[in-house]
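Raw upload.pdb, PDB, C-alpha atoms:
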ATOM      1  CA  MET A   1      10.082   2.811  26.009
ATOM      2  CA  LEU A   2       8.377   2.975  22.621
ATOM      3  CA  HIS A   3       4.751   1.898  22.224
ATOM      4  CA  ALA A   4       3.713   0.226  18.963
ATOM      5  CA  THR A   5       0.550  -1.216  17.437
ATOM      6  CA  LYS A   6       0.400  -4.259  15.186
ATOM      7  CA  ALA A   7      -2.404  -4.072  12.618
ATOM      8  CA  HIS A   8      -3.311  -5.256   9.140
ATOM      9  CA  GLY A   9      -5.524  -4.497   6.153
ATOM     10  CA  THR A  10      -6.487  -7.712   4.316
ATOM     11  CA  GLU A  11      -3.408  -9.277   5.947
ATOM     12  CA  ASN A  12      -1.036  -6.633   4.590
ATOM     13  CA  ASP A  13       0.445  -5.958   8.026
ATOM     14  CA  PHE A  14       2.139  -3.006   9.685
ATOM     15  CA  VAL A  15       3.810  -1.889  12.878
ATOM     16  CA  VAL A  16       2.425   1.559  13.731
ATOM     17  CA  VAL A  17       3.885   4.103  16.149
ATOM     18  CA  LEU A  18       1.861   7.136  17.210
ATOM     19  CA  ASP A  19       4.124  10.171  17.520
ATOM     20  CA  PRO A  20       1.641  13.080  17.628
ATOM     21  CA  ASP A  21       4.149  15.712  18.764
ATOM     22  CA  ASP A  22       7.032  14.591  16.516
ATOM     23  CA  GLN A  23       9.185  13.494  19.433
ATOM     24  CA  GLN A  24      10.647  10.481  17.614
ATOM     25  CA  PRO A  25      12.174  12.035  14.479
ATOM     26  CA  THR A  26      15.019   9.511  14.370
ATOM     27  CA  LEU A  27      12.673   6.607  13.729
ATOM     28  CA  GLY A  28      13.544   5.509  10.226
ATOM     29  CA  HIS A  29      15.048   2.808   8.071
ATOM     30  CA  ASP A  30      17.182   1.010  10.676
ATOM     31  CA  LEU A  31      14.390   0.582  13.189
ATOM     32  CA  ALA A  32      11.788   0.015  10.472
ATOM     33  CA  ALA A  33      13.700  -2.914   9.006
ATOM     34  CA  ALA A  34      14.360  -4.359  12.473
ATOM     35  CA  LEU A  35      10.721  -4.081  13.545
ATOM     36  CA  CYS A  36       9.488  -5.665  10.315
ATOM     37  CA  ASP A  37      11.838  -8.653  10.661
ATOM     38  CA  ARG A  38       9.524 -11.646  11.160
ATOM     39  CA  ARG A  39      12.033 -13.555  13.304
ATOM     40  CA  ALA A  40      14.013 -10.950  15.218
ATOM     41  CA  GLY A  41      11.380  -8.179  15.352
ATOM     42  CA  ILE A  42       7.607  -7.897  15.537
ATOM     43  CA  GLY A  43       7.164  -8.818  11.891
ATOM     44  CA  ALA A  44       5.350  -6.784   9.242
ATOM     45  CA  ASP A  45       5.258  -5.677   5.613
ATOM     46  CA  GLY A  46       5.839  -2.078   6.660
ATOM     47  CA  PHE A  47       6.382   0.416   9.459
ATOM     48  CA  ILE A  48       4.257   3.555   9.897
ATOM     49  CA  ARG A  49       4.945   6.516  12.176
ATOM     50  CA  LEU A  50       2.003   8.911  12.543
ATOM     51  CA  VAL A  51       2.885  12.564  13.219
ATOM     52  CA  ARG A  52       0.364  15.376  13.737
ATOM     53  CA  ARG A  53       0.662  18.369  11.381
ATOM     54  CA  ARG A  54      -1.229  21.455  10.262
ATOM     55  CA  ARG A  55      -2.346  21.852   6.647
ATOM     56  CA  GLY A  56      -3.904  25.303   6.497
ATOM     57  CA  ASP A  57      -6.902  25.151   8.834
ATOM     58  CA  LEU A  58      -6.859  21.353   8.914
ATOM     59  CA  SER A  59      -5.272  19.104  11.492
ATOM     60  CA  VAL A  60      -3.735  16.212   9.566
ATOM     61  CA  TRP A  61      -1.473  13.253  10.212
ATOM     62  CA  PHE A  62       1.681  12.562   8.243
ATOM     63  CA  MET A  63       1.974   8.880   7.381
ATOM     64  CA  ASP A  64       5.723   8.382   7.664
ATOM     65  CA  HIS A  65       5.796   4.990   5.968
ATOM     66  CA  TRP A  66       8.722   2.597   5.470
ATOM     67  CA  ASN A  67       8.886  -0.741   3.645
ATOM     68  CA  ALA A  68      10.037  -3.933   5.324
ATOM     69  CA  ASP A  69      13.564  -3.518   3.954
ATOM     70  CA  GLY A  70      13.850  -0.018   5.455
ATOM     71  CA  SER A  71      13.267   1.875   2.204
ATOM     72  CA  THR A  72      10.811   4.780   2.218
ATOM     73  CA  ALA A  73       7.336   4.212   0.800
ATOM     74  CA  LEU A  74       5.394   6.798  -1.176
ATOM     75  CA  MET A  75       1.830   5.662  -0.610
ATOM     76  CA  CYS A  76      -0.016   2.646   0.771
ATOM     77  CA  GLY A  77      -3.745   2.024   0.490
ATOM     78  CA  ASN A  78      -3.929  -0.677   3.147
ATOM     79  CA  GLY A  79      -1.557   1.280   5.379
ATOM     80  CA  ALA A  80      -3.708   4.414   5.156
ATOM     81  CA  ARG A  81      -6.799   2.520   6.295
ATOM     82  CA  VAL A  82      -4.788   0.885   9.085
ATOM     83  CA  ALA A  83      -3.506   4.313  10.150
ATOM     84  CA  ALA A  84      -7.079   5.619  10.356
ATOM     85  CA  GLU A  85      -8.185   2.660  12.464
ATOM     86  CA  VAL A  86      -5.225   3.005  14.830
ATOM     87  CA  LEU A  87      -5.914   6.732  15.243
ATOM     88  CA  SER A  88      -9.583   6.011  15.822
ATOM     89  CA  GLN A  89      -8.956   3.416  18.505
ATOM     90  CA  ALA A  90      -6.441   5.735  20.191
ATOM     91  CA  GLY A  91      -9.063   8.495  20.373
ATOM     92  CA  TYR A  92      -7.457  10.827  17.832
ATOM     93  CA  ALA A  93     -10.090  10.337  15.109
ATOM     94  CA  THR A  94     -13.393  11.541  16.518
ATOM     95  CA  THR A  95     -15.115  12.374  13.221
ATOM     96  CA  ASP A  96     -16.110  10.162  10.322
ATOM     97  CA  PHE A  97     -12.925  10.905   8.405
ATOM     98  CA  VAL A  98      -9.180  11.197   8.882
ATOM     99  CA  ASP A  99      -6.970  13.479   6.782
ATOM    100  CA  LEU A 100      -3.535  12.062   6.049
ATOM    101  CA  ASP A 101      -0.475  13.501   4.370
ATOM    102  CA  THR A 102       1.663  10.983   2.502
ATOM    103  CA  ARG A 103       4.807  11.261   0.433
ATOM    104  CA  SER A 104       2.459  11.252  -2.578
ATOM    105  CA  GLY A 105       0.262  14.027  -1.250
ATOM    106  CA  PRO A 106      -2.930  14.363   0.832
ATOM    107  CA  ARG A 107      -5.486  11.567   1.211
ATOM    108  CA  ARG A 108      -8.788  11.391   3.095
ATOM    109  CA  VAL A 109      -9.945   8.179   4.785
ATOM    110  CA  SER A 110     -13.649   7.911   5.638
ATOM    111  CA  ARG A 111     -15.247   5.599   8.166
ATOM    112  CA  LEU A 112     -17.647   2.968   6.831
ATOM    113  CA  GLY A 113     -18.265   1.197  10.138
ATOM    114  CA  GLY A 114     -17.384  -2.236  11.413
ATOM    115  CA  GLY A 115     -13.662  -1.555  11.100
ATOM    116  CA  SER A 116     -13.868  -0.777   7.376
ATOM    117  CA  TRP A 117     -12.707   2.452   5.759
ATOM    118  CA  SER A 118     -12.955   4.140   2.373
ATOM    119  CA  LEU A 119      -9.835   5.829   1.011
ATOM    120  CA  ASP A 120      -9.839   8.599  -1.598
ATOM    121  CA  MET A 121      -6.954   7.516  -3.830
ATOM    122  CA  GLY A 122      -6.717  10.718  -5.840
ATOM    123  CA  LEU A 123      -5.718  10.579  -9.502
ATOM    124  CA  VAL A 124      -4.906   7.205 -11.066
ATOM    125  CA  ARG A 125      -2.876   7.486 -14.251
ATOM    126  CA  VAL A 126      -2.721   4.578 -16.670
ATOM    127  CA  GLY A 127       0.323   4.328 -18.904
ATOM    128  CA  VAL A 128       2.455   6.344 -16.460
ATOM    129  CA  LEU A 129       5.004   5.184 -13.915
ATOM    130  CA  ASP A 130       5.844   7.491 -11.022
ATOM    131  CA  GLY A 131       8.997   6.578  -9.170
ATOM    132  CA  ALA A 132      10.607   7.606  -5.920
ATOM    133  CA  ASP A 133      12.580  10.178  -7.876
ATOM    134  CA  GLY A 134       9.367  11.793  -9.125
ATOM    135  CA  ASP A 135       9.883  10.809 -12.769
ATOM    136  CA  ALA A 136       6.829  10.075 -14.869
ATOM    137  CA  VAL A 137       7.246   7.988 -18.014
ATOM    138  CA  PRO A 138       4.314   8.012 -20.466
ATOM    139  CA  GLY A 139       3.293   4.726 -22.050
ATOM    140  CA  ASP A 140       0.879   3.683 -24.778
ATOM    141  CA  GLU A 141      -1.935   2.799 -22.296
ATOM    142  CA  VAL A 142      -2.145  -0.772 -23.633
ATOM    143  CA  VAL A 143       1.219  -2.469 -23.087
ATOM    144  CA  ASP A 144       4.406  -0.669 -22.173
ATOM    145  CA  THR A 145       6.502  -3.103 -20.114
ATOM    146  CA  LEU A 146       7.630  -6.716 -20.359
ATOM    147  CA  VAL A 147       7.507  -8.657 -17.098
ATOM    148  CA  ALA A 148       9.451 -11.884 -16.577
ATOM    149  CA  ILE A 149       9.759 -14.410 -13.782
ATOM    150  CA  ASP A 150      11.499 -17.768 -13.822
ATOM    151  CA  GLY A 151       9.832 -20.225 -16.160
ATOM    152  CA  PRO A 152       7.168 -18.648 -18.349
ATOM    153  CA  ALA A 153       7.957 -16.309 -21.227
ATOM    154  CA  PRO A 154       7.669 -12.601 -20.428
ATOM    155  CA  TRP A 155       4.185 -11.143 -20.122
ATOM    156  CA  PRO A 156       3.080  -7.754 -21.445
ATOM    157  CA  GLY A 157       2.450  -5.337 -18.581
ATOM    158  CA  LEU A 158       0.821  -1.967 -18.162
ATOM    159  CA  ARG A 159       2.244   0.835 -16.021
ATOM    160  CA  VAL A 160      -0.134   2.537 -13.606
ATOM    161  CA  SER A 161       0.581   5.360 -11.166
ATOM    162  CA  VAL A 162      -1.477   5.364  -7.967
ATOM    163  CA  GLY A 163       0.810   7.798  -6.181
ATOM    164  CA  ASN A 164       3.338   4.976  -6.268
ATOM    165  CA  PRO A 165       4.498   2.917  -9.252
ATOM    166  CA  HIS A 166       2.826  -0.280 -10.473
ATOM    167  CA  VAL A 167       3.023  -2.615 -13.441
ATOM    168  CA  VAL A 168      -0.053  -4.801 -13.979
ATOM    169  CA  VAL A 169       0.023  -8.128 -15.839
ATOM    170  CA  ALA A 170      -3.022 -10.098 -17.005
ATOM    171  CA  VAL A 171      -2.663 -13.875 -16.768
ATOM    172  CA  THR A 172      -4.868 -16.437 -18.471
ATOM    173  CA  ASP A 173      -6.841 -17.752 -15.510
ATOM    174  CA  VAL A 174      -6.835 -18.380 -11.759
ATOM    175  CA  ALA A 175      -4.860 -21.616 -12.128
ATOM    176  CA  GLU A 176      -2.011 -19.772 -13.841
ATOM    177  CA  LEU A 177      -2.183 -17.033 -11.210
ATOM    178  CA  GLU A 178      -1.855 -19.528  -8.372
ATOM    179  CA  SER A 179       1.049 -21.331 -10.045
ATOM    180  CA  LEU A 180       3.315 -18.282 -10.202
ATOM    181  CA  ASP A 181       6.539 -18.277  -8.193
ATOM    182  CA  LEU A 182       6.826 -14.801  -6.694
ATOM    183  CA  THR A 183       9.584 -15.589  -4.216
ATOM    184  CA  ARG A 184      11.868 -13.390  -6.309
ATOM    185  CA  ALA A 185      11.214  -9.986  -7.795
ATOM    186  CA  PRO A 186       9.887  -9.997 -11.372
ATOM    187  CA  VAL A 187      12.259  -8.556 -13.959
ATOM    188  CA  LEU A 188      10.918  -5.495 -15.781
ATOM    189  CA  GLN A 189      11.955  -4.280 -19.215
ATOM    190  CA  PRO A 190      12.436  -1.380 -19.404
ATOM    191  CA  ASP A 191      13.615  -1.459 -15.816
ATOM    192  CA  PRO A 192      12.484   1.647 -13.878
ATOM    193  CA  ALA A 193      15.252   3.092 -11.739
ATOM    194  CA  ALA A 194      12.991   3.307  -8.684
ATOM    195  CA  GLY A 195      11.394  -0.093  -9.219
ATOM    196  CA  ALA A 196       7.683  -0.860  -9.174
ATOM    197  CA  ASN A 197       5.099  -3.037  -7.509
ATOM    198  CA  VAL A 198       4.009  -5.789  -9.891
ATOM    199  CA  GLU A 199       0.443  -7.103  -9.875
ATOM    200  CA  PHE A 200      -0.587 -10.327 -11.605
ATOM    201  CA  VAL A 201      -4.346 -10.453 -12.192
ATOM    202  CA  ALA A 202      -6.914 -12.921 -13.439
ATOM    203  CA  VAL A 203     -10.193 -11.290 -14.431
ATOM    204  CA  THR A 204     -12.953 -13.700 -13.404
ATOM    205  CA  GLY A 205     -15.946 -11.927 -14.886
ATOM    206  CA  VAL A 206     -18.640  -9.293 -14.514
ATOM    207  CA  ASP A 207     -21.649 -10.052 -12.320
ATOM    208  CA  ALA A 208     -25.317  -9.321 -12.986
ATOM    209  CA  THR A 209     -25.033  -5.871 -11.399
ATOM    210  CA  GLY A 210     -22.178  -4.843 -13.700
ATOM    211  CA  VAL A 211     -19.436  -5.163 -11.084
ATOM    212  CA  GLY A 212     -16.127  -6.562 -12.326
ATOM    213  CA  HIS A 213     -14.328  -9.296 -10.398
ATOM    214  CA  LEU A 214     -10.673 -10.184 -10.449
ATOM    215  CA  ARG A 215      -8.122 -12.050  -8.390
ATOM    216  CA  MET A 216      -4.668 -10.650  -7.757
ATOM    217  CA  ARG A 217      -1.229 -11.516  -6.421
ATOM    218  CA  VAL A 218       1.439  -8.884  -5.908
ATOM    219  CA  HIS A 219       5.177  -8.533  -5.489
ATOM    220  CA  GLU A 220       5.883  -5.258  -3.683
ATOM    221  CA  ARG A 221       9.152  -3.404  -4.048
ATOM    222  CA  GLY A 222      11.029  -3.330  -0.768
ATOM    223  CA  VAL A 223       8.933  -6.170   0.660
ATOM    224  CA  GLY A 224       8.404  -9.179  -1.639
ATOM    225  CA  GLU A 225       5.127 -10.987  -2.174
ATOM    226  CA  THR A 226       2.497  -9.725   0.235
ATOM    227  CA  ARG A 227      -0.979 -10.974   1.091
ATOM    228  CA  SER A 228      -2.503  -7.768  -0.251
ATOM    229  CA  CYS A 229      -1.706  -4.357  -1.691
ATOM    230  CA  GLY A 230      -4.321  -1.603  -1.623
ATOM    231  CA  THR A 231      -2.751   0.641  -4.236
ATOM    232  CA  GLY A 232      -2.029  -2.484  -6.282
ATOM    233  CA  ALA A 233      -5.713  -3.425  -6.220
ATOM    234  CA  VAL A 234      -6.578   0.039  -7.546
ATOM    235  CA  ALA A 235      -3.916  -0.281 -10.244
ATOM    236  CA  ALA A 236      -5.255  -3.725 -11.175
ATOM    237  CA  ALA A 237      -8.820  -2.435 -11.483
ATOM    238  CA  ALA A 238      -7.703   0.542 -13.574
ATOM    239  CA  ALA A 239      -5.682  -1.719 -15.882
ATOM    240  CA  ALA A 240      -8.555  -4.210 -16.232
ATOM    241  CA  ALA A 241     -10.939  -1.384 -17.125
ATOM    242  CA  THR A 242      -8.466  -0.066 -19.689
ATOM    243  CA  TRP A 243      -8.096  -3.469 -21.312
ATOM    244  CA  ALA A 244     -11.874  -3.948 -21.368
ATOM    245  CA  GLY A 245     -12.401  -0.653 -23.181
ATOM    246  CA  HIS A 246     -15.699   1.161 -23.635
ATOM    247  CA  GLY A 247     -18.406   0.007 -21.243
ATOM    248  CA  ALA A 248     -15.957  -1.483 -18.754
ATOM    249  CA  PRO A 249     -17.117  -1.754 -15.129
ATOM    250  CA  THR A 250     -16.418   1.217 -12.909
ATOM    251  CA  GLU A 251     -16.662  -0.893  -9.753
ATOM    252  CA  TRP A 252     -14.367  -3.856  -9.141
ATOM    253  CA  VAL A 253     -14.155  -6.499  -6.446
ATOM    254  CA  VAL A 254     -10.525  -7.537  -6.006
ATOM    255  CA  ASP A 255      -9.821 -10.781  -4.182
ATOM    256  CA  VAL A 256      -6.310 -11.079  -2.778
ATOM    257  CA  PRO A 257      -4.816 -13.887  -0.665
ATOM    258  CA  GLY A 258      -5.574 -11.862   2.467
ATOM    259  CA  GLY A 259      -9.188 -10.950   1.761
ATOM    260  CA  ARG A 260     -11.326  -8.695  -0.416
ATOM    261  CA  LEU A 261     -11.104  -5.050  -1.496
ATOM    262  CA  VAL A 262     -13.624  -2.970  -3.450
ATOM    263  CA  ILE A 263     -12.531  -0.347  -5.971
ATOM    264  CA  ALA A 264     -14.655   2.414  -7.484
ATOM    265  CA  LEU A 265     -13.198   4.160 -10.531
ATOM    266  CA  GLY A 266     -14.362   7.743 -11.048
ATOM    267  CA  PRO A 267     -15.131   9.371 -14.412
ATOM    268  CA  THR A 268     -12.249  11.860 -14.065
ATOM    269  CA  GLY A 269      -9.509   9.339 -13.363
ATOM    270  CA  THR A 270      -9.925   9.236  -9.601
ATOM    271  CA  ALA A 271     -10.541   6.114  -7.527
ATOM    272  CA  ARG A 272     -11.813   5.017  -4.149
ATOM    273  CA  LEU A 273     -10.582   1.995  -2.185
ATOM    274  CA  GLU A 274     -12.756   0.248   0.419
ATOM    275  CA  GLY A 275     -11.634  -2.438   2.820
ATOM    276  CA  PRO A 276     -11.108  -3.515   6.417
ATOM    277  CA  ALA A 277      -8.467  -2.509   8.926
ATOM    278  CA  VAL A 278      -7.806  -4.678  11.979
ATOM    279  CA  VAL A 279      -5.796  -3.850  15.094
ATOM    280  CA  VAL A 280      -4.125  -7.031  16.345
ATOM    281  CA  ALA A 281      -2.090  -6.038  19.398
ATOM    282  CA  GLU A 282      -0.492  -3.263  21.412
ATOM    283  CA  CYS A 283       3.071  -3.703  22.614
ATOM    284  CA  HIS A 284       6.042  -1.939  24.158
ATOM    285  CA  LEU A 285       9.505  -2.305  22.659
ATOM    286  CA  ASP A 286      12.172  -3.475  25.049
ATOM    287  CA  GLY A 287      14.519  -0.550  25.738
ATOM    288  CA  ASP A 288      17.724  -2.540  25.203
ATOM    289  CA  TRP A 289      16.453  -4.017  21.923
ATOM    290  CA  GLN A 290      15.403  -0.582  20.693
ATOM    291  CA  LEU A 291      18.815   0.931  21.485
ATOM    292  CA  THR A 292      20.572  -1.671  19.368
ATOM    293  CA  HIS A 293      18.487  -0.693  16.319
ATOM    294  CA  GLN A 294      18.084   3.038  16.802
ATOM    295  CA  PRO A 295      19.998   5.288  14.343
ATOM    296  CA  ALA A 296      22.224   7.930  15.882
ATOM    297  CA  SER A 297      20.512  10.812  14.053
ATOM    298  CA  SER A 298      17.473  11.547  11.962
ATOM    299  CA  ASP A 299      17.323   9.698   8.626
ATOM    300  CA  ARG A 300      13.932  10.933   7.450
TER
END
Using structure tokens, write down the structure from this file.
Amino acid sequence: MLHATKAHGTENDFVVVLDPDDQQPTLGHDLAAALCDRRAGIGADGFIRLVRRRRGDLSVWFMDHWNADGSTALMCGNGARVAAEVLSQAGYATTDFVDLDTRSGPRRVSRLGGGSWSLDMGLVRVGVLDGADGDAVPGDEVVDTLVAIDGPAPWPGLRVSVGNPHVVVAVTDVAELESLDLTRAPVLQPDPAAGANVEFVAVTGVDATGVGHLRMRVHERGVGETRSCGTGAVAAAAAAATWAGHGAPTEWVVDVPGGRLVIALGPTGTARLEGPAVVVAECHLDGDWQLTHQPASSDR
């Protein structure tokens, strides 16, 4: 019988399975999609299997991450913090940091206390779109994509790579942001073969300490609209800083429907993501239910 944990980061929620000795290699898209089903499964935006690995002298965990539709995910900022919290509560993270391997490369998650974690996002590239096929398409770092949803005319968007692909759109104000219908995927032109997460942002100002503030909604590929997206918040902050130009804030507070994230943009194109991770419940999958959704062989 398989044990799973339900957890979320700013209400971007996941079903997590600890598989330290890689004994469940057949867990993949069939079971991921079934588990993430909000009526017939546990319900989540994504499924994460955590497998222990060696990287040189380091002991690391591979974040085997799948979207709600069963497609593989490259990187997830909220999911990485959730993974660290799950490992910590299970007794596998005894130091102040957790080293993860993702499909977009290594990431370190550091403990802040109180259930919050800081994630080293690595290099953030503005004007570039990395897809699942590894392609990178350079843009003009101002506007390089048109984004359309039902109703309004297309918006100009900016491609940002955060280890996974994003297109960020600036809307006029919070009222326009809240009025958007994101029940269907935005249409991108040019349309990237691997798709992209699309963030709609309203910049609400810069406070007295020089910290930028924005609000964001997101439509994630393979999921739909979610309550939060960690990599999307980083992409949104990077895009907002690019649009602001010289003297733009290097720290951004990003408010999403599910809570608040804090982004620090480094001088060399790196970024750090801070936010909470909450374990909700532990559960065991019914053996008969699991058998009906288990693939016959490995689909990793």
Any chance you could work out the residue set of the PyMOL selection byres ((chain A and resi 230) around 8) here, as a VMD selection string?
chain A and resid 76 to 78 228 to 229 231 to 234 261 273
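Nearest to Leu74 (chain A) of all the residues A:Asn197, A:Thr95, A:Thr209, A:Gln89 is A:Asn197, counting only C-alpha atoms.
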Identify which of the residues A:Leu119, A:Ala241, A:Leu214, A:Cys283 lies closest to Asp173 (chain A), counting all atoms listed in the file when measuring atom-to-atom distances.
A:Leu214
Got a sec to resolve the PyMOL selection byres ((chain A and resi 21) around 10) on this structure and send the residues as a list of chain:residue names?
A:Leu18, A:Asp19, A:Pro20, A:Asp22, A:Gln23, A:Gln24, A:Pro25, A:Leu50, A:Val51, A:Arg52, A:Arg53
Care to translate the PyMOL selection byres ((chain A and resi 257) around 8) into actual residues of this file, as a list in words?
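The output of the PyMOL selection byres ((chain A and resi 257) around 8) on this file is Met216, Arg217, Arg227, Ser228, Asp255, Val256, Gly258 and Gly259 of chain A.
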Please indicate the distance in Å from CA of Ala208 (chain A) to CA of Leu112 (chain A), rounded to one decimal place.
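If I compute the distance from CA of Ala208 (chain A) to CA of Leu112 (chain A), I get 24.5 Å.
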A:Ala238, A:Ala202, A:Ala80, A:Val124: which is nearest Arg111 (chain A), counting all atoms listed in the file?
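For Arg111 (chain A), the nearest of the candidates is A:Ala80.
In terms of minimum interatomic distance to Pro192 (chain A), A:Val128 ranks closest within A:Val128, A:Met1, A:Val162, A:Ala175, counting only C-alpha atoms.
For the residues A:Gly114, A:Pro186, A:Gly163, A:Gly122, ranking by smallest atom-to-atom distance to Pro276 (chain A) using only C-alpha atoms places A:Gly114 first.
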What is the CA of Gly212 (chain A) to CA of Leu158 (chain A) distance in Å?
18.5 Å
Counting all atoms listed in the file, give me one row per residue of region 110-219 of chain A with an atom at most 9 Å from an atom of region 264-270 of chain A, showing the shortest contact pair and its distance in Å to one decimal, sorted by chain then residue number, as a tab-separated table.
residue	atom	partner	partner_atom	distance
A:Asp120	CA	A:Thr270	CA	8.0
A:Met121	CA	A:Thr270	CA	6.7
A:Gly122	CA	A:Thr270	CA	5.2
A:Leu123	CA	A:Thr270	CA	4.4
A:Val124	CA	A:Gly269	CA	5.6
A:Arg125	CA	A:Gly269	CA	6.9
A:Val126	CA	A:Gly269	CA	8.9
A:Ile42, A:Val279, A:Val160, A:Ala196: which is nearest Leu87 (chain A), counting all atoms listed in the file?
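Looking at the shortest contact to Leu87 (chain A), the residue is A:Val279.
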Separation of CA of Asp96 (chain A) and CA of Ala4 (chain A), in Å?
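A separation of 23.8 Å between them.
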Box along x, y and z, 3 Å on every side, all listed atoms of region 30-46 of chain A inside: centre and edge lengths in Å to one decimal, as AutoDock Vina command-line options.
--center_x 11.2 --center_y -6.3 --center_z 10.6 --size_x 17.9 --size_y 20.6 --size_z 15.9
Spatial neighbours of Gly70 (chain A), 7 Å, only C-alpha atoms, chain gap at least 4 places, as a compact mmCIF listing (two decimals) with C-alpha atoms, in the frame of the given file:
# COMPACT_ATOMS: atom_id res chain seq x y z
CA HIS A 29 15.05 2.81 8.07
CA ASP A 30 17.18 1.01 10.68
CA ALA A 32 11.79 0.02 10.47
CA ALA A 33 13.70 -2.91 9.01
CA TRP A 66 8.72 2.60 5.47
